[in-house]
file coords.cif (mmCIF, C-alpha atoms)
data_data
loop_
_atom_site.group_PDB
_atom_site.id
_atom_site.type_symbol
_atom_site.label_atom_id
_atom_site.label_comp_id
_atom_site.auth_asym_id
_atom_site.auth_seq_id
_atom_site.Cartn_x
_atom_site.Cartn_y
_atom_site.Cartn_z
ATOM 1 C CA MET A 1 0.000 0.000 0.000
ATOM 2 C CA ARG A 2 1.622 3.144 -1.289
ATOM 3 C CA GLU A 3 0.022 5.458 1.264
ATOM 4 C CA LEU A 4 1.449 3.603 4.237
ATOM 5 C CA LEU A 5 4.893 3.439 2.649
ATOM 6 C CA LEU A 6 4.734 7.189 2.050
ATOM 7 C CA GLU A 7 3.757 7.841 5.684
ATOM 8 C CA ILE A 8 6.587 5.641 6.919
ATOM 9 C CA ASP A 9 8.986 7.508 4.658
ATOM 10 C CA LEU A 10 7.773 10.816 6.128
ATOM 11 C CA PHE A 11 8.328 9.390 9.610
ATOM 12 C CA ARG A 12 11.859 8.290 8.682
ATOM 13 C CA ASN A 13 12.610 11.757 7.349
ATOM 14 C CA TRP A 14 11.297 13.277 10.581
ATOM 15 C CA THR A 15 13.654 11.059 12.609
ATOM 16 C CA LYS A 16 16.574 12.777 10.893
ATOM 17 C CA THR A 17 15.511 16.105 12.399
ATOM 18 C CA THR A 18 14.605 15.099 15.944
ATOM 19 C CA ASP A 19 16.395 14.200 19.158
ATOM 20 C CA LEU A 20 16.510 10.400 19.396
ATOM 21 C CA SER A 21 18.412 10.322 22.673
ATOM 22 C CA PHE A 22 15.461 9.758 24.999
ATOM 23 C CA GLY A 23 13.447 6.552 25.314
ATOM 24 C CA GLU A 24 10.063 7.685 24.036
ATOM 25 C CA TRP A 25 11.148 9.912 21.161
ATOM 26 C CA GLU A 26 8.740 8.233 18.709
ATOM 27 C CA THR A 27 5.730 9.617 20.585
ATOM 28 C CA GLU A 28 6.734 13.150 19.591
ATOM 29 C CA TYR A 29 5.806 12.493 15.956
ATOM 30 C CA LEU A 30 2.685 14.484 15.060
ATOM 31 C CA HIS A 31 1.233 12.270 12.337
ATOM 32 C CA TRP A 32 0.780 8.873 13.949
ATOM 33 C CA ASP A 33 -2.931 9.125 13.148
ATOM 34 C CA ARG A 34 -2.178 8.778 9.442
ATOM 35 C CA ILE A 35 0.188 5.863 10.047
ATOM 36 C CA TYR A 36 -2.434 4.108 12.195
ATOM 37 C CA TYR A 37 -5.129 4.689 9.595
ATOM 38 C CA TYR A 38 -3.149 3.205 6.713
ATOM 39 C CA ALA A 39 -1.643 0.403 8.798
ATOM 40 C CA ASN A 40 -5.097 -0.675 9.958
ATOM 41 C CA LYS A 41 -6.463 -0.428 6.424
ATOM 42 C CA LEU A 42 -3.659 -2.714 5.265
ATOM 43 C CA ILE A 43 -4.150 -5.184 8.139
ATOM 44 C CA GLU A 44 -7.885 -5.424 7.504
ATOM 45 C CA GLY A 45 -7.757 -5.361 3.722
ATOM 46 C CA THR A 46 -4.815 -7.351 2.393
ATOM 47 C CA PRO A 47 -3.553 -10.774 3.503
ATOM 48 C CA ILE A 48 0.105 -10.611 4.530
ATOM 49 C CA GLU A 49 0.963 -13.279 1.980
ATOM 50 C CA GLN A 50 0.188 -10.642 -0.690
ATOM 51 C CA TRP A 51 2.511 -8.016 0.800
ATOM 52 C CA SER A 52 5.825 -7.348 -0.883
ATOM 53 C CA SER A 53 8.960 -7.995 1.145
ATOM 54 C CA ASN A 54 9.571 -4.232 1.231
ATOM 55 C CA LEU A 55 6.083 -3.564 2.593
ATOM 56 C CA LEU A 56 6.497 -6.305 5.192
ATOM 57 C CA ASN A 57 9.840 -4.901 6.365
ATOM 58 C CA GLU A 58 8.529 -1.342 6.481
ATOM 59 C CA PHE A 59 5.434 -2.482 8.384
ATOM 60 C CA LEU A 60 7.581 -4.273 10.968
ATOM 61 C CA TYR A 61 9.785 -1.178 11.222
ATOM 62 C CA ILE A 62 6.831 1.093 12.004
ATOM 63 C CA LEU A 63 5.364 -1.522 14.358
ATOM 64 C CA ALA A 64 8.672 -1.405 16.250
ATOM 65 C CA ARG A 65 8.549 2.394 16.415
ATOM 66 C CA ASP A 66 5.005 2.193 17.846
ATOM 67 C CA ASN A 67 6.373 0.339 20.874
ATOM 68 C CA GLU A 68 5.136 2.896 23.407
ATOM 69 C CA CYS A 69 1.506 3.236 22.303
ATOM 70 C CA GLU A 70 1.108 -0.269 20.825
ATOM 71 C CA ILE A 71 -1.794 0.734 18.561
ATOM 72 C CA ILE A 72 -0.580 -1.300 15.582
ATOM 73 C CA ILE A 73 -0.096 -4.490 17.597
ATOM 74 C CA GLY A 74 -3.587 -3.948 19.008
ATOM 75 C CA ASN A 75 -4.970 -3.920 15.483
ATOM 76 C CA LEU A 76 -3.062 -7.106 14.707
ATOM 77 C CA ILE A 77 -4.454 -8.790 17.826
ATOM 78 C CA ASP A 78 -7.933 -7.896 16.567
ATOM 79 C CA ASN A 79 -7.011 -9.714 13.327
ATOM 80 C CA PRO A 80 -5.490 -12.987 14.580
ATOM 81 C CA LYS A 81 -4.954 -14.544 11.134
ATOM 82 C CA GLN A 82 -2.876 -11.545 10.129
ATOM 83 C CA LEU A 83 -0.958 -11.632 13.407
ATOM 84 C CA LEU A 84 -0.133 -15.307 12.925
ATOM 85 C CA SER A 85 1.014 -14.665 9.367
ATOM 86 C CA ILE A 86 3.261 -11.755 10.274
ATOM 87 C CA ALA A 87 4.657 -13.594 13.315
ATOM 88 C CA LYS A 88 6.312 -16.126 11.006
ATOM 89 C CA TYR A 89 8.296 -13.315 9.375
ATOM 90 C CA SER A 90 8.999 -11.325 12.506
ATOM 91 C CA VAL A 91 10.872 -14.072 14.388
ATOM 92 C CA SER A 92 14.013 -13.134 12.471
ATOM 93 C CA PHE A 93 13.296 -9.400 12.034
ATOM 94 C CA PRO A 94 16.337 -7.432 13.260
ATOM 95 C CA ASP A 95 14.455 -4.951 15.479
ATOM 96 C CA HIS A 96 13.631 -6.466 18.859
ATOM 97 C CA ASP A 97 10.889 -3.865 19.450
ATOM 98 C CA ALA A 98 8.899 -5.566 16.698
ATOM 99 C CA ARG A 99 9.677 -9.065 17.967
ATOM 100 C CA TRP A 100 8.572 -8.492 21.571
ATOM 101 C CA GLN A 101 5.301 -6.931 20.437
ATOM 102 C CA ILE A 102 4.532 -9.882 18.192
ATOM 103 C CA ALA A 103 5.408 -12.319 20.994
ATOM 104 C CA TYR A 104 3.097 -10.395 23.327
ATOM 105 C CA GLY A 105 0.353 -10.337 20.693
ATOM 106 C CA LEU A 106 0.446 -14.097 20.244
ATOM 107 C CA GLY A 107 -0.431 -14.466 23.912
ATOM 108 C CA GLU A 108 -3.481 -12.271 23.422
ATOM 109 C CA ILE A 109 -5.061 -14.390 20.687
ATOM 110 C CA ASP A 110 -8.032 -16.378 22.017
ATOM 111 C CA GLU A 111 -7.189 -19.434 19.957
ATOM 112 C CA ASP A 112 -5.086 -22.234 21.395
ATOM 113 C CA ASN A 113 -3.269 -24.015 18.612
ATOM 114 C CA GLN A 114 0.040 -25.620 17.797
ATOM 115 C CA GLU A 115 1.121 -22.854 15.428
ATOM 116 C CA ILE A 116 0.861 -20.206 18.153
ATOM 117 C CA GLN A 117 2.736 -22.429 20.589
ATOM 118 C CA THR A 118 5.507 -23.084 18.054
ATOM 119 C CA LEU A 119 5.914 -19.385 17.314
ATOM 120 C CA ILE A 120 6.001 -18.389 20.975
ATOM 121 C CA LYS A 121 8.634 -21.070 21.578
ATOM 122 C CA GLN A 122 10.759 -19.498 18.838
ATOM 123 C CA PHE A 123 10.518 -16.130 20.603
ATOM 124 C CA LEU A 124 11.511 -17.837 23.869
ATOM 125 C CA LEU A 125 14.901 -18.494 22.209
ATOM 126 C CA ASP A 126 15.431 -14.872 21.144
ATOM 127 C CA GLU A 127 18.848 -13.298 21.767
ATOM 128 C CA ILE A 128 17.234 -10.309 23.529
ATOM 129 C CA GLU A 129 16.116 -10.871 27.105
ATOM 130 C CA TYR A 130 13.061 -8.584 26.837
ATOM 131 C CA VAL A 131 11.739 -10.536 23.852
ATOM 132 C CA ARG A 132 12.196 -13.777 25.794
ATOM 133 C CA LYS A 133 10.438 -12.247 28.802
ATOM 134 C CA ARG A 134 7.412 -11.128 26.761
ATOM 135 C CA ALA A 135 7.289 -14.526 25.053
ATOM 136 C CA SER A 136 7.403 -16.191 28.463
ATOM 137 C CA PHE A 137 4.449 -14.101 29.655
ATOM 138 C CA ALA A 138 2.548 -15.026 26.482
ATOM 139 C CA TYR A 139 3.335 -18.711 26.936
ATOM 140 C CA GLU A 140 2.251 -18.704 30.574
ATOM 141 C CA LYS A 141 -0.942 -16.834 29.747
ATOM 142 C CA LYS A 142 -1.942 -19.392 27.146
ATOM 143 C CA TRP A 143 -0.886 -22.692 28.696
ATOM 144 C CA PHE A 144 -0.855 -22.277 32.475
#
call {"tool": "encode", "arguments": {"input": "coords.cif", "output": "structure tokens"}}
result
Amino acid sequence: MRELLLEIDLFRNWTKTTDLSFGEWETEYLHWDRIYYYANKLIEGTPIEQWSSNLLNEFLYILARDNECEIIIGNLIDNPKQLLSIAKYSVSFPDHDARWQIAYGLGEIDEDNQEIQTLIKQFLLDEIEYVRKRASFAYEKKWF
């Protein structure tokens, strides 16, 4: 979806002009509403299997940047098939802020199936402790 890619590009350009030294710098961006609108439209309208690799990577990038408000992961949780599909790709995504959100999201899905369990177990092996911690919470929530 061109509109979302354009909004993400505008966000990236904004990051070049802002102070990134504090922990919640992303929340200072003034146009998250447009990002949320187009991200949700994409989540609800197009199966992830139809996304280009560029779109998938850009989506995971902006998901990672939304790590304080967690609006995008909330929309994915509301669309469990999409969350499951994107989780397969996110296990190896380089930004841990995307991985922990996906691990968390898997624990919020009402379904109890082998695919979710397998994915959470992959996140339990993540190199980043916070990702492992969020995956552990998700695992405990679903199976204990």
call {"tool": "resolve_selection", "arguments": {"input": "coords.cif", "expression": "the PyMOL selection byres ((chain A and resi 143) around 10)", "output": "PyMOL selection string"}}
result
chain A and resi 107+112+117+138-142+144
call {"tool": "resolve_selection", "arguments": {"input": "coords.cif", "expression": "the PyMOL selection byres ((chain A and resi 46-59) around 8)", "output": "PyMOL selection string"}}
result
chain A and resi 1+5+8+39+42-45+60-63+82+85-86
call {"tool": "residues_around", "arguments": {"input": "coords.cif", "residues": "segment 23-27 of chain A", "least_positions_apart": "6", "cutoff": "12 Å", "atoms": "only C-alpha atoms", "output": "MDAnalysis selection string"}}
result
chainID A and resid 11:12 14:17 33 62:71
call {"tool": "axis_aligned_box", "arguments": {"input": "coords.cif", "around": "segment 18-36 of chain A", "padding_each_side": "8 Å", "output": "lines of an AutoDock Vina configuration file"}}
result
center_x = 7.7
center_y = 9.6
center_z = 17.4
size_x = 37.3
size_y = 27.0
size_z = 31.9
call {"tool": "atom_distance", "arguments": {"input": "coords.cif", "atom1": "atom CA of Gln122 of chain A", "atom2": "atom CA of Ala135 of chain A"}}
result
8.7 Å
call {"tool": "build_atoms", "arguments": {"input": "coords.cif", "residues": "segment 72-83 of chain A", "atoms": "all heavy atoms", "output": "tab-separated table (two decimals), keeping the file's coordinate frame"}}
result
chain	number	residue	atom	x	y	z
A	72	ILE	N	-0.66	-0.39	16.72
A	72	ILE	CA	-0.58	-1.30	15.58
A	72	ILE	C	-0.68	-2.74	16.04
A	72	ILE	O	-1.42	-3.54	15.45
A	72	ILE	CB	0.70	-1.03	14.75
A	72	ILE	CG1	0.65	0.38	14.16
A	72	ILE	CG2	0.84	-2.08	13.64
A	72	ILE	CD1	1.94	0.82	13.49
A	73	ILE	N	0.01	-3.11	17.12
A	73	ILE	CA	-0.10	-4.49	17.60
A	73	ILE	C	-1.52	-4.77	18.07
A	73	ILE	O	-2.04	-5.88	17.89
A	73	ILE	CB	0.95	-4.83	18.68
A	73	ILE	CG1	0.96	-6.34	18.98
A	73	ILE	CG2	0.71	-4.06	19.96
A	73	ILE	CD1	1.33	-7.22	17.84
A	74	GLY	N	-2.19	-3.78	18.62
A	74	GLY	CA	-3.59	-3.95	19.01
A	74	GLY	C	-4.47	-4.28	17.83
A	74	GLY	O	-5.35	-5.15	17.91
A	75	ASN	N	-4.22	-3.62	16.70
A	75	ASN	CA	-4.97	-3.92	15.48
A	75	ASN	C	-4.65	-5.31	14.97
A	75	ASN	O	-5.53	-6.00	14.45
A	75	ASN	CB	-4.69	-2.87	14.40
A	75	ASN	CG	-5.30	-1.53	14.74
A	75	ASN	OD1	-6.28	-1.44	15.48
A	75	ASN	ND2	-4.72	-0.46	14.22
A	76	LEU	N	-3.42	-5.74	15.11
A	76	LEU	CA	-3.06	-7.11	14.71
A	76	LEU	C	-3.74	-8.14	15.60
A	76	LEU	O	-4.21	-9.17	15.13
A	76	LEU	CB	-1.55	-7.30	14.71
A	76	LEU	CG	-0.79	-6.74	13.52
A	76	LEU	CD1	0.71	-6.78	13.77
A	76	LEU	CD2	-1.14	-7.50	12.25
A	77	ILE	N	-3.79	-7.87	16.90
A	77	ILE	CA	-4.45	-8.79	17.83
A	77	ILE	C	-5.93	-8.94	17.45
A	77	ILE	O	-6.50	-10.03	17.54
A	77	ILE	CB	-4.28	-8.31	19.28
A	77	ILE	CG1	-2.81	-8.46	19.70
A	77	ILE	CG2	-5.21	-9.07	20.24
A	77	ILE	CD1	-2.45	-7.72	20.98
A	78	ASP	N	-6.53	-7.85	17.01
A	78	ASP	CA	-7.93	-7.90	16.57
A	78	ASP	C	-8.11	-8.66	15.26
A	78	ASP	O	-9.24	-8.94	14.86
A	78	ASP	CB	-8.49	-6.48	16.40
A	78	ASP	CG	-8.65	-5.75	17.73
A	78	ASP	OD1	-8.67	-6.42	18.79
A	78	ASP	OD2	-8.74	-4.50	17.70
A	79	ASN	N	-7.02	-8.97	14.59
A	79	ASN	CA	-7.01	-9.71	13.33
A	79	ASN	C	-6.04	-10.89	13.46
A	79	ASN	O	-4.94	-10.87	12.90
A	79	ASN	CB	-6.60	-8.80	12.17
A	79	ASN	CG	-7.63	-7.73	11.89
A	79	ASN	OD1	-8.58	-7.95	11.17
A	79	ASN	ND2	-7.46	-6.57	12.51
A	80	PRO	N	-6.43	-11.92	14.22
A	80	PRO	CA	-5.49	-12.99	14.58
A	80	PRO	C	-4.84	-13.71	13.40
A	80	PRO	O	-3.67	-14.09	13.49
A	80	PRO	CB	-6.33	-13.96	15.41
A	80	PRO	CG	-7.64	-13.34	15.63
A	80	PRO	CD	-7.73	-12.10	14.82
A	81	LYS	N	-5.57	-13.88	12.29
A	81	LYS	CA	-4.95	-14.54	11.13
A	81	LYS	C	-3.78	-13.72	10.62
A	81	LYS	O	-2.75	-14.27	10.25
A	81	LYS	CB	-5.99	-14.76	10.03
A	81	LYS	CG	-6.95	-15.89	10.30
A	81	LYS	CD	-7.91	-16.09	9.16
A	81	LYS	CE	-7.17	-16.76	8.02
A	81	LYS	NZ	-8.05	-17.18	6.92
A	82	GLN	N	-3.95	-12.42	10.59
A	82	GLN	CA	-2.88	-11.54	10.13
A	82	GLN	C	-1.70	-11.58	11.12
A	82	GLN	O	-0.54	-11.61	10.70
A	82	GLN	CB	-3.37	-10.10	9.97
A	82	GLN	CG	-4.37	-9.91	8.84
A	82	GLN	CD	-3.73	-9.95	7.48
A	82	GLN	OE1	-3.28	-10.99	7.01
A	82	GLN	NE2	-3.70	-8.80	6.82
A	83	LEU	N	-2.02	-11.57	12.40
A	83	LEU	CA	-0.96	-11.63	13.41
A	83	LEU	C	-0.16	-12.93	13.28
A	83	LEU	O	1.08	-12.90	13.31
A	83	LEU	CB	-1.54	-11.50	14.81
A	83	LEU	CG	-0.56	-11.61	15.98
A	83	LEU	CD1	0.60	-10.63	15.86
A	83	LEU	CD2	-1.28	-11.40	17.29
